[in-house]
Amino acid sequence: MLALSLSDLQSKLREWKGCALHKTATQAVLGEGNPNADVMFIGEAPGQKEDELGRPFVGAAGQFLDELLGTIGLKRADVYISNVVKYRPPGNREPTPEEKEQCMPWLKMEIAIIKPKVIVPLGRHALGHFFTKLSITEAHGKAQKLTDTVTVFPIYHPAAALHNGGLRQALYDDFQALGKFLLERK
């Protein structure tokens, strides 16, 4: 069997109707960025702007993510950015466990293609895929070994800081810790 490319995966996702969210969303949103990235950021689900444009993290949370990346010398083009759920839940509600489970094979395929060395789950929904017993409150900003070659580095979702200004400094601090971790592993 030939390995899938990201463009093949994108084409297949556009045709996929295995999640009821496709009925209310404008389009599926696959990740984007450097296909050879060592670092992969994973959020929860597309928002309104992402649904309109078909790209992850392009709304207010995405602009904040771009700013945070810049604080550690990275750009979007250096990393790969995706979401657990591939369609926007109506009204930006949280995705259900069933919706996350239905979309999980797509995320797993993205991870298999990208082969990141560091996975950065943004928020509790993304973290829950890797560590079901860890809470984002206790795990954020701390490296968690997933395998011998992959580290998970949980961080609060940028949207959380947009809604709760008290988390803003924690996000900056977590990105500084991530930047330090990435430098140390080189």
# chains A, B, ... in the order shown; residues from 1 in each chain; ligands from 1

$ closest_atom_pairs --of "region 11-51 of chain A" --to "region 60-82 of chain A" --cutoff "8 Å" --atoms "only C-alpha atoms" --output "tab-separated table"
residue	atom	partner	partner_atom	distance
A:Leu30	CA	A:Ser82	CA	6.4
A:Gly31	CA	A:Ser82	CA	3.9
A:Glu32	CA	A:Ile81	CA	5.6
A:Gly33	CA	A:Tyr80	CA	4.3
A:Asn34	CA	A:Tyr80	CA	5.3
A:Pro35	CA	A:Tyr80	CA	6.8
A:Ala37	CA	A:Val79	CA	5.0
A:Asp38	CA	A:Val79	CA	7.0
A:Val39	CA	A:Val79	CA	5.4
A:Met40	CA	A:Tyr80	CA	4.7
A:Phe41	CA	A:Ile81	CA	4.7
A:Ile42	CA	A:Ser82	CA	4.9
A:Gly43	CA	A:Ser82	CA	6.2

$ select_by_dssp --residues "region 106-182 of chain A" --states "alpha helix (DSSP H)" --output "MDAnalysis selection string"
chainID A and resid 106:114 124:130 136:139 158:163 168:182

$ write_last_selection --atoms "C-alpha atoms" --output "PDB file, in the first residue's frame"
ATOM      1  CA  TRP A 106      -7.866  11.661  10.478  1.00  0.00           C
ATOM      2  CA  LEU A 107      -5.651  13.129  13.201  1.00  0.00           C
ATOM      3  CA  LYS A 108      -3.824   9.813  13.570  1.00  0.00           C
ATOM      4  CA  MET A 109      -3.164   9.785   9.810  1.00  0.00           C
ATOM      5  CA  GLU A 110      -1.843  13.357   9.957  1.00  0.00           C
ATOM      6  CA  ILE A 111       0.490  12.414  12.819  1.00  0.00           C
ATOM      7  CA  ALA A 112       1.660   9.342  10.884  1.00  0.00           C
ATOM      8  CA  ILE A 113       2.451  11.470   7.822  1.00  0.00           C
ATOM      9  CA  ILE A 114       4.125  14.369   9.689  1.00  0.00           C
ATOM     10  CA  ARG A 124      -7.943  19.683  27.368  1.00  0.00           C
ATOM     11  CA  HIS A 125      -9.704  18.141  24.354  1.00  0.00           C
ATOM     12  CA  ALA A 126      -6.444  17.654  22.483  1.00  0.00           C
ATOM     13  CA  LEU A 127      -4.563  16.565  25.620  1.00  0.00           C
ATOM     14  CA  GLY A 128      -7.237  13.949  26.373  1.00  0.00           C
ATOM     15  CA  HIS A 129      -6.332  12.085  23.190  1.00  0.00           C
ATOM     16  CA  PHE A 130      -2.813  11.431  24.462  1.00  0.00           C
ATOM     17  CA  ILE A 136      -4.567  20.572  31.349  1.00  0.00           C
ATOM     18  CA  THR A 137      -4.423  22.575  34.587  1.00  0.00           C
ATOM     19  CA  GLU A 138      -1.768  20.296  36.074  1.00  0.00           C
ATOM     20  CA  ALA A 139       0.045  19.327  32.856  1.00  0.00           C
ATOM     21  CA  PRO A 158      -5.044  30.303  22.959  1.00  0.00           C
ATOM     22  CA  ALA A 159      -8.827  30.856  22.901  1.00  0.00           C
ATOM     23  CA  ALA A 160      -8.921  30.152  26.658  1.00  0.00           C
ATOM     24  CA  ALA A 161      -6.690  33.173  27.259  1.00  0.00           C
ATOM     25  CA  LEU A 162      -8.858  35.312  24.980  1.00  0.00           C
ATOM     26  CA  HIS A 163     -11.852  34.466  27.192  1.00  0.00           C
ATOM     27  CA  ARG A 168      -2.583  34.988  29.139  1.00  0.00           C
ATOM     28  CA  GLN A 169       0.618  35.043  31.187  1.00  0.00           C
ATOM     29  CA  ALA A 170       0.447  31.261  31.661  1.00  0.00           C
ATOM     30  CA  LEU A 171       0.375  30.869  27.873  1.00  0.00           C
ATOM     31  CA  TYR A 172       3.385  33.138  27.410  1.00  0.00           C
ATOM     32  CA  ASP A 173       5.218  31.231  30.157  1.00  0.00           C
ATOM     33  CA  ASP A 174       4.303  27.875  28.616  1.00  0.00           C
ATOM     34  CA  PHE A 175       5.588  28.985  25.223  1.00  0.00           C
ATOM     35  CA  GLN A 176       8.847  30.107  26.815  1.00  0.00           C
ATOM     36  CA  ALA A 177       9.123  26.669  28.453  1.00  0.00           C
ATOM     37  CA  LEU A 178       8.361  25.044  25.077  1.00  0.00           C
ATOM     38  CA  GLY A 179      11.026  27.167  23.373  1.00  0.00           C
ATOM     39  CA  LYS A 180      13.579  26.192  26.015  1.00  0.00           C
ATOM     40  CA  PHE A 181      12.602  22.507  25.679  1.00  0.00           C
ATOM     41  CA  LEU A 182      12.992  22.640  21.885  1.00  0.00           C
TER      42      LEU A 182
END

$ atom_distance --atom1 "CA of Pro105 (chain A)" --atom2 "CA of Thr24 (chain A)"
20.6 Å

$ select_by_dssp --residues "chain A" --states "strand (DSSP E or B)" --output "PyMOL selection string"
chain A and resi 32-33+39-43+80-83+118-122+144-145+151-152+155

$ atom_distance --atom1 "CA of Asn92 (chain A)" --atom2 "CA of Gln48 (chain A)"
7.3 Å

$ atom_distance --atom1 "CA of Lys86 (chain A)" --atom2 "CA of Cys19 (chain A)"
9.0 Å

$ closest_residue --among "A:Val152, A:Ala45, A:Leu183, A:Leu9" --to "Pro90 (chain A)" --atoms "only C-alpha atoms"
A:Ala45

$ closest_residue --among "A:Ile119, A:Gly165, A:Lys186, A:Arg55" --to "Thr147 (chain A)" --atoms "only C-alpha atoms"
A:Ile119
